[in-house]
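File shown: query.pdb (PDB, C-alpha atoms, pLDDT in the B column).
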ATOM      1  CA  MET I1163      13.126  37.602  21.057  1.00 88.00           C
ATOM      2  CA  GLU I1164      15.538  39.838  19.186  1.00 91.00           C
ATOM      3  CA  VAL I1165      15.941  40.117  15.423  1.00 90.00           C
ATOM      4  CA  ILE I1166      19.624  39.516  14.748  1.00 91.00           C
ATOM      5  CA  ARG I1167      19.530  39.576  10.954  1.00 90.00           C
ATOM      6  CA  ILE I1168      17.211  40.156   7.994  1.00 91.00           C
ATOM      7  CA  ASP I1169      18.277  38.553   4.719  1.00 91.00           C
ATOM      8  CA  SER I1170      16.795  39.189   1.283  1.00 90.00           C
ATOM      9  CA  CYS I1171      15.738  36.062  -0.620  1.00 88.00           C
ATOM     10  CA  LYS I1172      15.437  35.417  -4.352  1.00 83.00           C
ATOM     11  CA  ASN I1173      11.665  34.924  -4.064  1.00 83.00           C
ATOM     12  CA  GLY I1174      11.260  38.508  -2.867  1.00 88.00           C
ATOM     13  CA  LYS I1175      10.718  37.574   0.766  1.00 90.00           C
ATOM     14  CA  LYS I1176      12.779  38.529   3.776  1.00 90.00           C
ATOM     15  CA  ASN I1177      14.262  35.834   5.990  1.00 92.00           C
ATOM     16  CA  ILE I1178      13.949  37.029   9.591  1.00 91.00           C
ATOM     17  CA  ILE I1179      16.433  35.396  11.947  1.00 92.00           C
ATOM     18  CA  PHE I1180      15.969  35.663  15.722  1.00 90.00           C
ATOM     19  CA  ASP I1181      18.378  35.184  18.577  1.00 90.00           C
ATOM     20  CA  THR I1182      16.351  32.171  19.752  1.00 88.00           C
ATOM     21  CA  GLY I1183      17.302  30.234  16.632  1.00 85.00           C
ATOM     22  CA  GLU I1184      13.822  30.675  15.132  1.00 85.00           C
ATOM     23  CA  SER I1185      13.413  32.148  11.689  1.00 88.00           C
ATOM     24  CA  CYS I1186      10.596  32.921   9.285  1.00 89.00           C
ATOM     25  CA  MET I1187      10.056  34.346   5.829  1.00 90.00           C
ATOM     26  CA  LEU I1188       7.830  37.384   5.278  1.00 91.00           C
ATOM     27  CA  TYR I1189       7.127  39.724   2.417  1.00 91.00           C
ATOM     28  CA  PRO I1190       8.658  43.224   2.760  1.00 92.00           C
ATOM     29  CA  LYS I1191       5.204  44.766   3.366  1.00 92.00           C
ATOM     30  CA  GLU I1192       4.551  42.287   6.188  1.00 91.00           C
ATOM     31  CA  VAL I1193       7.947  43.063   7.723  1.00 90.00           C
ATOM     32  CA  SER I1194       7.146  46.758   7.665  1.00 89.00           C
ATOM     33  CA  GLN I1195       3.636  46.327   9.081  1.00 88.00           C
ATOM     34  CA  ALA I1196       4.941  44.167  11.925  1.00 86.00           C
ATOM     35  CA  GLY I1197       7.606  46.734  12.787  1.00 86.00           C
ATOM     36  CA  ILE I1198      10.391  44.219  12.281  1.00 90.00           C
ATOM     37  CA  ARG I1199      13.926  45.520  11.837  1.00 89.00           C
ATOM     38  CA  GLU I1200      17.370  44.349  12.775  1.00 89.00           C
ATOM     39  CA  HIS I1201      18.018  44.383  16.557  1.00 91.00           C
ATOM     40  CA  ALA I1202      14.335  45.036  17.269  1.00 88.00           C
ATOM     41  CA  VAL I1203      12.805  43.041  20.123  1.00 91.00           C
ATOM     42  CA  ILE I1204       9.634  41.123  19.215  1.00 89.00           C
ATOM     43  CA  THR I1205       7.354  40.284  22.126  1.00 89.00           C
ATOM     44  CA  GLU I1206       5.885  36.813  22.478  1.00 89.00           C
ATOM     45  CA  ASP I1207       2.401  38.191  21.800  1.00 91.00           C
ATOM     46  CA  ALA I1208       3.602  39.876  18.608  1.00 90.00           C
ATOM     47  CA  TRP I1209       5.330  36.677  17.496  1.00 90.00           C
ATOM     48  CA  GLN I1210       2.178  34.630  18.080  1.00 91.00           C
ATOM     49  CA  LEU I1211       0.173  37.096  16.007  1.00 91.00           C
ATOM     50  CA  ILE I1212       2.661  36.748  13.154  1.00 92.00           C
ATOM     51  CA  CYS I1213       2.419  32.971  13.366  1.00 93.00           C
ATOM     52  CA  GLN I1214      -1.373  32.789  13.629  1.00 93.00           C
ATOM     53  CA  ASP I1215      -2.316  35.576  11.230  1.00 93.00           C
ATOM     54  CA  ILE I1216       0.355  35.229   8.544  1.00 94.00           C
ATOM     55  CA  LEU I1217       2.509  32.132   8.727  1.00 95.00           C
ATOM     56  CA  LEU I1218      -0.012  29.427   9.690  1.00 96.00           C
ATOM     57  CA  PRO I1219      -2.608  30.281   6.999  1.00 96.00           C
ATOM     58  CA  ARG I1220       0.217  30.341   4.471  1.00 95.00           C
ATOM     59  CA  ALA I1221       1.553  26.978   5.666  1.00 96.00           C
ATOM     60  CA  LYS I1222      -1.922  25.398   5.536  1.00 96.00           C
ATOM     61  CA  LYS I1223      -2.410  26.632   1.992  1.00 95.00           C
ATOM     62  CA  ARG I1224       0.996  25.273   1.047  1.00 95.00           C
ATOM     63  CA  VAL I1225       0.403  21.760   2.399  1.00 95.00           C
ATOM     64  CA  LEU I1226      -3.016  21.554   0.754  1.00 95.00           C
ATOM     65  CA  TYR I1227      -1.449  22.566  -2.544  1.00 95.00           C
ATOM     66  CA  LEU I1228       1.281  19.930  -2.158  1.00 94.00           C
ATOM     67  CA  LEU I1229      -1.239  17.214  -1.321  1.00 93.00           C
ATOM     68  CA  GLU I1230      -3.420  18.139  -4.288  1.00 91.00           C
ATOM     69  CA  ARG I1231      -0.513  17.383  -6.591  1.00 88.00           C
ATOM     70  CA  MET I1232       0.420  14.037  -4.991  1.00 89.00           C
ATOM     71  CA  GLU I1233       0.073  12.121  -1.744  1.00 90.00           C
ATOM     72  CA  ARG I1234       2.990  12.584   0.617  1.00 93.00           C
ATOM     73  CA  THR I1235       4.220  11.304   3.948  1.00 95.00           C
ATOM     74  CA  GLU I1236       4.257  13.443   7.074  1.00 95.00           C
ATOM     75  CA  TYR I1237       8.040  13.600   6.881  1.00 95.00           C
ATOM     76  CA  GLN I1238       7.930  14.850   3.294  1.00 95.00           C
ATOM     77  CA  LEU I1239       5.433  17.582   4.192  1.00 95.00           C
ATOM     78  CA  ARG I1240       7.492  18.707   7.168  1.00 95.00           C
ATOM     79  CA  ASP I1241      10.612  18.795   5.007  1.00 95.00           C
ATOM     80  CA  LYS I1242       8.852  20.950   2.395  1.00 94.00           C
ATOM     81  CA  LEU I1243       7.556  23.405   4.997  1.00 95.00           C
ATOM     82  CA  LYS I1244      10.975  23.618   6.615  1.00 92.00           C
ATOM     83  CA  SER I1245      12.605  24.375   3.264  1.00 90.00           C
ATOM     84  CA  ASP I1246       9.991  27.119   2.771  1.00 89.00           C
ATOM     85  CA  GLY I1247      11.265  28.766   5.938  1.00 88.00           C
ATOM     86  CA  HIS I1248       8.366  28.049   8.293  1.00 93.00           C
ATOM     87  CA  PRO I1249       9.171  27.875  12.025  1.00 93.00           C
ATOM     88  CA  ALA I1250       8.755  24.599  13.907  1.00 92.00           C
ATOM     89  CA  ASP I1251       5.535  25.535  15.744  1.00 93.00           C
ATOM     90  CA  VAL I1252       3.851  26.558  12.506  1.00 96.00           C
ATOM     91  CA  ILE I1253       4.933  23.319  10.839  1.00 96.00           C
ATOM     92  CA  ASP I1254       3.486  21.302  13.736  1.00 96.00           C
ATOM     93  CA  ALA I1255       0.189  23.165  13.520  1.00 96.00           C
ATOM     94  CA  ALA I1256      -0.102  22.844   9.729  1.00 96.00           C
ATOM     95  CA  VAL I1257       0.630  19.116   9.835  1.00 96.00           C
ATOM     96  CA  ALA I1258      -1.850  18.626  12.679  1.00 95.00           C
ATOM     97  CA  TYR I1259      -4.465  20.416  10.575  1.00 95.00           C
ATOM     98  CA  VAL I1260      -4.161  18.063   7.576  1.00 94.00           C
ATOM     99  CA  LYS I1261      -3.913  15.010   9.834  1.00 92.00           C
ATOM    100  CA  GLU I1262      -7.153  16.009  11.558  1.00 91.00           C
ATOM    101  CA  TYR I1263      -8.958  15.747   8.218  1.00 90.00           C
ATOM    102  CA  HIS I1264      -7.033  12.601   7.222  1.00 89.00           C
ATOM    103  CA  TYR I1265      -5.419  14.365   4.290  1.00 91.00           C
ATOM    104  CA  ILE I1266      -2.204  12.569   5.229  1.00 92.00           C
ATOM    105  CA  ASP I1267      -1.936   9.036   6.533  1.00 93.00           C
ATOM    106  CA  ASP I1268       1.426   7.282   6.435  1.00 95.00           C
ATOM    107  CA  LEU I1269      -0.186   3.841   6.631  1.00 94.00           C
ATOM    108  CA  ARG I1270      -2.399   4.654   3.642  1.00 93.00           C
ATOM    109  CA  TYR I1271       0.616   6.032   1.784  1.00 94.00           C
ATOM    110  CA  ALA I1272       2.693   2.914   2.521  1.00 94.00           C
ATOM    111  CA  CYS I1273      -0.113   0.575   1.420  1.00 93.00           C
ATOM    112  CA  ALA I1274      -0.509   2.480  -1.853  1.00 92.00           C
ATOM    113  CA  TYR I1275       3.242   2.402  -2.445  1.00 93.00           C
ATOM    114  CA  ILE I1276       3.397  -1.351  -1.845  1.00 93.00           C
ATOM    115  CA  ARG I1277       0.486  -2.043  -4.188  1.00 90.00           C
ATOM    116  CA  ALA I1278       2.213  -0.001  -6.898  1.00 91.00           C
ATOM    117  CA  HIS I1279       5.641  -1.620  -6.539  1.00 91.00           C
ATOM    118  CA  GLU I1280       5.209  -5.129  -5.108  1.00 88.00           C
ATOM    119  CA  HIS I1281       5.503  -6.780  -8.523  1.00 83.00           C
ATOM    120  CA  ALA I1282       8.776  -5.042  -9.333  1.00 84.00           C
ATOM    121  CA  LYS I1283      10.580  -4.637  -5.996  1.00 87.00           C
ATOM    122  CA  SER I1284      11.452  -6.981  -3.145  1.00 88.00           C
ATOM    123  CA  ARG I1285      10.037  -6.454   0.342  1.00 88.00           C
ATOM    124  CA  TYR I1286      13.439  -5.160   1.434  1.00 90.00           C
ATOM    125  CA  GLN I1287      13.601  -2.598  -1.388  1.00 90.00           C
ATOM    126  CA  MET I1288      10.133  -1.311  -0.514  1.00 93.00           C
ATOM    127  CA  GLN I1289      11.000  -1.152   3.187  1.00 94.00           C
ATOM    128  CA  GLN I1290      14.121   0.890   2.433  1.00 94.00           C
ATOM    129  CA  ALA I1291      12.301   3.216   0.044  1.00 94.00           C
ATOM    130  CA  LEU I1292       9.517   3.907   2.543  1.00 96.00           C
ATOM    131  CA  MET I1293      11.983   4.487   5.372  1.00 96.00           C
ATOM    132  CA  GLN I1294      13.768   7.062   3.188  1.00 95.00           C
ATOM    133  CA  LYS I1295      10.414   8.802   2.788  1.00 94.00           C
ATOM    134  CA  GLY I1296      10.183   9.048   6.578  1.00 95.00           C
ATOM    135  CA  VAL I1297       7.653   6.262   7.199  1.00 95.00           C
ATOM    136  CA  LYS I1298       8.238   4.558  10.541  1.00 95.00           C
ATOM    137  CA  ARG I1299       9.232   0.887  10.569  1.00 95.00           C
ATOM    138  CA  ASP I1300       6.163  -0.275  12.501  1.00 95.00           C
ATOM    139  CA  VAL I1301       3.904   1.480   9.961  1.00 95.00           C
ATOM    140  CA  ILE I1302       5.788  -0.195   7.090  1.00 95.00           C
ATOM    141  CA  ASP I1303       5.443  -3.610   8.741  1.00 93.00           C
ATOM    142  CA  ALA I1304       1.711  -3.044   9.235  1.00 94.00           C
ATOM    143  CA  ALA I1305       1.334  -1.982   5.596  1.00 94.00           C
ATOM    144  CA  LEU I1306       3.201  -5.051   4.349  1.00 92.00           C
ATOM    145  CA  ALA I1307       1.072  -7.342   6.508  1.00 90.00           C
ATOM    146  CA  GLU I1308      -2.090  -5.682   5.223  1.00 89.00           C
ATOM    147  CA  THR I1309      -1.212  -5.231   1.561  1.00 88.00           C
ATOM    148  CA  TYR I1310       1.702  -7.320   0.283  1.00 85.00           C
ATOM    149  CA  GLU I1311       0.434 -10.125  -1.942  1.00 77.00           C
ATOM    150  CA  ALA I1312       3.195 -10.558  -4.492  1.00 72.00           C
ATOM    151  CA  ASP I1313       4.506 -14.015  -5.361  1.00 81.00           C
ATOM    152  CA  THR I1314       8.186 -13.700  -4.479  1.00 84.00           C
ATOM    153  CA  ASP I1315       9.203 -16.691  -6.588  1.00 85.00           C
ATOM    154  CA  ALA I1316       7.374 -15.258  -9.602  1.00 85.00           C
ATOM    155  CA  LEU I1317       9.095 -11.903  -9.107  1.00 85.00           C
ATOM    156  CA  ILE I1318      12.537 -13.546  -8.917  1.00 87.00           C
ATOM    157  CA  ARG I1319      11.726 -15.566 -12.034  1.00 88.00           C
ATOM    158  CA  ARG I1320      10.798 -12.406 -13.935  1.00 86.00           C
ATOM    159  CA  LEU I1321      14.041 -10.745 -12.883  1.00 87.00           C
ATOM    160  CA  LEU I1322      16.064 -13.814 -13.913  1.00 89.00           C
ATOM    161  CA  GLU I1323      14.348 -13.865 -17.270  1.00 88.00           C
ATOM    162  CA  LYS I1324      15.044 -10.159 -17.673  1.00 87.00           C
ATOM    163  CA  LYS I1325      18.723 -10.916 -17.066  1.00 86.00           C
ATOM    164  CA  HIS I1326      18.521 -13.782 -19.605  1.00 88.00           C
ATOM    165  CA  TYR I1327      19.523 -16.323 -17.006  1.00 88.00           C
ATOM    166  CA  ASP I1328      20.315 -19.682 -18.652  1.00 86.00           C
ATOM    167  CA  PRO I1329      22.131 -22.250 -16.480  1.00 84.00           C
ATOM    168  CA  GLY I1330      22.894 -24.355 -19.536  1.00 81.00           C
ATOM    169  CA  CYS I1331      24.921 -21.577 -21.166  1.00 84.00           C
ATOM    170  CA  MET I1332      26.341 -19.647 -18.235  1.00 84.00           C
ATOM    171  CA  ASP I1333      29.443 -20.447 -16.224  1.00 84.00           C
ATOM    172  CA  ARG I1334      29.653 -20.152 -12.444  1.00 85.00           C
ATOM    173  CA  LYS I1335      31.026 -16.592 -12.618  1.00 86.00           C
ATOM    174  CA  GLU I1336      28.075 -15.357 -14.682  1.00 87.00           C
ATOM    175  CA  THR I1337      25.605 -17.207 -12.472  1.00 87.00           C
ATOM    176  CA  GLY I1338      27.262 -15.751  -9.387  1.00 88.00           C
ATOM    177  CA  LYS I1339      26.936 -12.174 -10.687  1.00 88.00           C
ATOM    178  CA  ILE I1340      23.196 -12.619 -11.233  1.00 89.00           C
ATOM    179  CA  TYR I1341      22.834 -14.288  -7.832  1.00 88.00           C
ATOM    180  CA  GLN I1342      24.613 -11.395  -6.095  1.00 88.00           C
ATOM    181  CA  SER I1343      22.505  -8.801  -7.939  1.00 86.00           C
ATOM    182  CA  LEU I1344      19.334 -10.440  -6.602  1.00 87.00           C
ATOM    183  CA  MET I1345      20.820 -10.598  -3.110  1.00 85.00           C
ATOM    184  CA  ARG I1346      21.439  -6.833  -3.281  1.00 84.00           C
ATOM    185  CA  LYS I1347      17.776  -6.334  -4.119  1.00 82.00           C
ATOM    186  CA  GLY I1348      16.905  -7.915  -0.776  1.00 80.00           C
ATOM    187  CA  PHE I1349      15.854 -11.423  -1.791  1.00 85.00           C
ATOM    188  CA  ARG I1350      16.891 -14.234   0.542  1.00 83.00           C
ATOM    189  CA  ALA I1351      19.487 -16.763  -0.586  1.00 85.00           C
ATOM    190  CA  GLU I1352      17.140 -19.733  -0.303  1.00 84.00           C
ATOM    191  CA  GLU I1353      14.518 -17.938  -2.420  1.00 85.00           C
ATOM    192  CA  ILE I1354      16.978 -17.190  -5.210  1.00 87.00           C
ATOM    193  CA  ARG I1355      18.424 -20.715  -5.187  1.00 87.00           C
ATOM    194  CA  ARG I1356      14.989 -22.302  -5.270  1.00 87.00           C
ATOM    195  CA  VAL I1357      13.901 -20.337  -8.328  1.00 88.00           C
ATOM    196  CA  MET I1358      17.233 -20.753 -10.112  1.00 88.00           C
ATOM    197  CA  ARG I1359      16.911 -24.518  -9.835  1.00 86.00           C
ATOM    198  CA  THR I1360      13.556 -24.440 -11.620  1.00 85.00           C
ATOM    199  CA  PHE I1361      15.242 -23.187 -14.800  1.00 82.00           C
ATOM    200  CA  ASP I1362      16.955 -26.515 -15.358  1.00 69.00           C
ATOM    201  CA  THR I1363      15.945 -29.508 -13.268  1.00 54.00           C
ATOM    202  CA  ASP I1364      18.768 -31.586 -14.762  1.00 51.00           C
ATOM    203  CA  ALA I1365      21.537 -29.236 -13.756  1.00 51.00           C
ATOM    204  CA  ASP I1366      22.183 -27.644 -10.375  1.00 54.00           C
ATOM    205  CA  PRO I1367      23.897 -24.229 -10.738  1.00 55.00           C
ATOM    206  CA  PHE I1368      25.257 -24.643  -7.210  1.00 56.00           C
ATOM    207  CA  ASP I1369      26.771 -28.090  -7.743  1.00 56.00           C
ATOM    208  CA  GLY I1370      30.337 -28.091  -6.572  1.00 48.00           C
ATOM    209  CA  GLY I1371      30.158 -25.293  -4.051  1.00 52.00           C
ATOM    210  CA  ASP I1372      28.528 -22.080  -2.956  1.00 55.00           C
ATOM    211  CA  ILE I1373      28.481 -19.393  -5.644  1.00 57.00           C
ATOM    212  CA  SER I1374      28.024 -16.651  -3.063  1.00 51.00           C
TER     213      SER I1374
END
Kindly present the structure from the file in structure tokens form.
Amino acid sequence: MEVIRIDSCKNGKKNIIFDTGESCMLYPKEVSQAGIREHAVITEDAWQLICQDILLPRAKKRVLYLLERMERTEYQLRDKLKSDGHPADVIDAAVAYVKEYHYIDDLRYACAYIRAHEHAKSRYQMQQALMQKGVKRDVIDAALAETYEADTDALIRRLLEKKHYDPGCMDRKETGKIYQSLMRKGFRAEEIRRVMRTFDTDADPFDGGDIS
């Protein structure tokens, strides 16, 4: 593999870019010791030594530091290592290392997230948030089945109370805005309607047509 460019970075490191599309960040002293310069050819053995002796220990230390501060998903760790300039093989090895010792576990992460948010967010909101964090859908479903215990009706009631929902004082337009806001949070129509009706058993907020 040939070095096609060496860029200086703000953190004092050098970003080494190869013709294979690989890149890595090294300190100037490491670049010098490895004999790396623009247009130099790096053998596969030399590249493996760089990865094993310099980059992998650094990546392992980085992921352990990140996990000490807060639990993260595999996707989040990979994204951090990639932004640090680690090559793909080193990222794979560092992630495999922490997974071997169960330092990361997406199911555990998802269960903890659900326990922390189930009384404030709908199932849909939690699903979307976990997917954005890189948790796979089947892992999210397993976590919800294992952990989710929130009373959906009670959660909707709390949100309606927070919005000062009062069917006796609100017109259909105001009721419809609250209804739509709960729909956007991922609650099902029948759930919202059922709870809304409990606020005033003598008056049906949906009487005369569908507010949606």
Open item on the list: One number please: CA of Tyr1189 in chain I to CA of Arg1220 in chain I, in Å, one decimal.
Closed with: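 These two atoms are separated by 11.8 Å.
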Task: Given all atoms listed in the file as the counted atoms, nearest of I:Lys1242, I:Arg1231, I:Arg1167, I:Lys1222 to Ala1202 in chain I - done: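 Smallest separation from Ala1202 in chain I among the options: I:Arg1167.
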Task: Exercise: Val1257 in chain I partners within 8 Å, all atoms listed in the file, chain neighbours under 3 positions left out, as a list in words - done: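 Near Val1257 in chain I, the qualifying residues are Val1225, Glu1236, Leu1239, Arg1240, Ile1253, Asp1254, Val1260 and Lys1261 of chain I.
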TODO: Check the smallest atom-to-atom distance from each of I:Leu1228, I:Leu1218, I:Ala1351, I:Met1187 to Lys1175 in chain I using only C-alpha atoms, then report the winner.
DONE: I:Met1187
TODO: Report the residues retrieved by the PyMOL selection byres ((chain I and resi 1192-1200) around 8) from the displayed file, expressed as a count of residues only.
DONE: 13
- [ ] Quick one: pull the distance between CA of Ala1305 in chain I and CA of Ala1282 in chain I, Å, one decimal.
- [x]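 The value is 17.0 Å.
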- [ ] Give me, please, the distance in Å between CA of Gln1214 in chain I and CA of Lys1295 in chain I, quoted to one decimal.
- [x]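 Interatomic distance here is 28.8 Å.
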Task: Residues within 10 Å of Tyr1341 in chain I, only C-alpha atoms, excluding chain neighbours under 2 positions, as an NGL selection string - done: :I and (1322 or 1327 or 1335-1339 or 1343-1346 or 1349 or 1351 or 1354-1355 or 1358 or 1373-1374)
Preceding selection exported with C-alpha atoms as a short mmCIF file (atom, residue, chain, number, x, y, z; two decimals), in the frame of the given file:
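And here's result.cif as it stands now:
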data_model
loop_
_atom_site.label_atom_id
_atom_site.label_comp_id
_atom_site.auth_asym_id
_atom_site.auth_seq_id
_atom_site.Cartn_x
_atom_site.Cartn_y
_atom_site.Cartn_z
CA LEU I 1322 16.06 -13.81 -13.91
CA TYR I 1327 19.52 -16.32 -17.01
CA LYS I 1335 31.03 -16.59 -12.62
CA GLU I 1336 28.08 -15.36 -14.68
CA THR I 1337 25.60 -17.21 -12.47
CA GLY I 1338 27.26 -15.75 -9.39
CA LYS I 1339 26.94 -12.17 -10.69
CA SER I 1343 22.50 -8.80 -7.94
CA LEU I 1344 19.33 -10.44 -6.60
CA MET I 1345 20.82 -10.60 -3.11
CA ARG I 1346 21.44 -6.83 -3.28
CA PHE I 1349 15.85 -11.42 -1.79
CA ALA I 1351 19.49 -16.76 -0.59
CA ILE I 1354 16.98 -17.19 -5.21
CA ARG I 1355 18.42 -20.72 -5.19
CA MET I 1358 17.23 -20.75 -10.11
CA ILE I 1373 28.48 -19.39 -5.64
CA SER I 1374 28.02 -16.65 -3.06
#
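Closest approach to Gly1296 in chain I among I:Leu1269, I:Cys1331, I:Thr1205, I:Pro1219: I:Leu1269, based on only C-alpha atoms.
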TODO: For the structure provided, state which residues fall under the PyMOL selection byres ((chain I and resi 1272) around 10), and present them as a list in words.
DONE: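 What the PyMOL selection byres ((chain I and resi 1272) around 10) grabs from the file is Arg1234, Thr1235, Asp1267, Asp1268, Leu1269, Arg1270, Tyr1271, Cys1273, Ala1274, Tyr1275, Ile1276, Arg1277, Ala1278, Met1288, Gln1289, Ala1291, Leu1292, Met1293, Lys1295, Val1297, Lys1298, Val1301, Ile1302, Asp1303, Ala1304, Ala1305, Leu1306 and Thr1309 of chain I.
You can rank I:Tyr1286, I:His1281, I:Met1232, I:Arg1359 by their closest distance to Leu1321 in chain I using all atoms listed in the file, and at the top of that list sits I:His1281.
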TODO: Find the residues near His1248 in chain I: any atom within 6 Å, counting only C-alpha atoms, skip ones fewer than 4 places away on the same chain, and give them as an MDAnalysis selection string.
DONE: chainID I and resid 1186 1243:1244
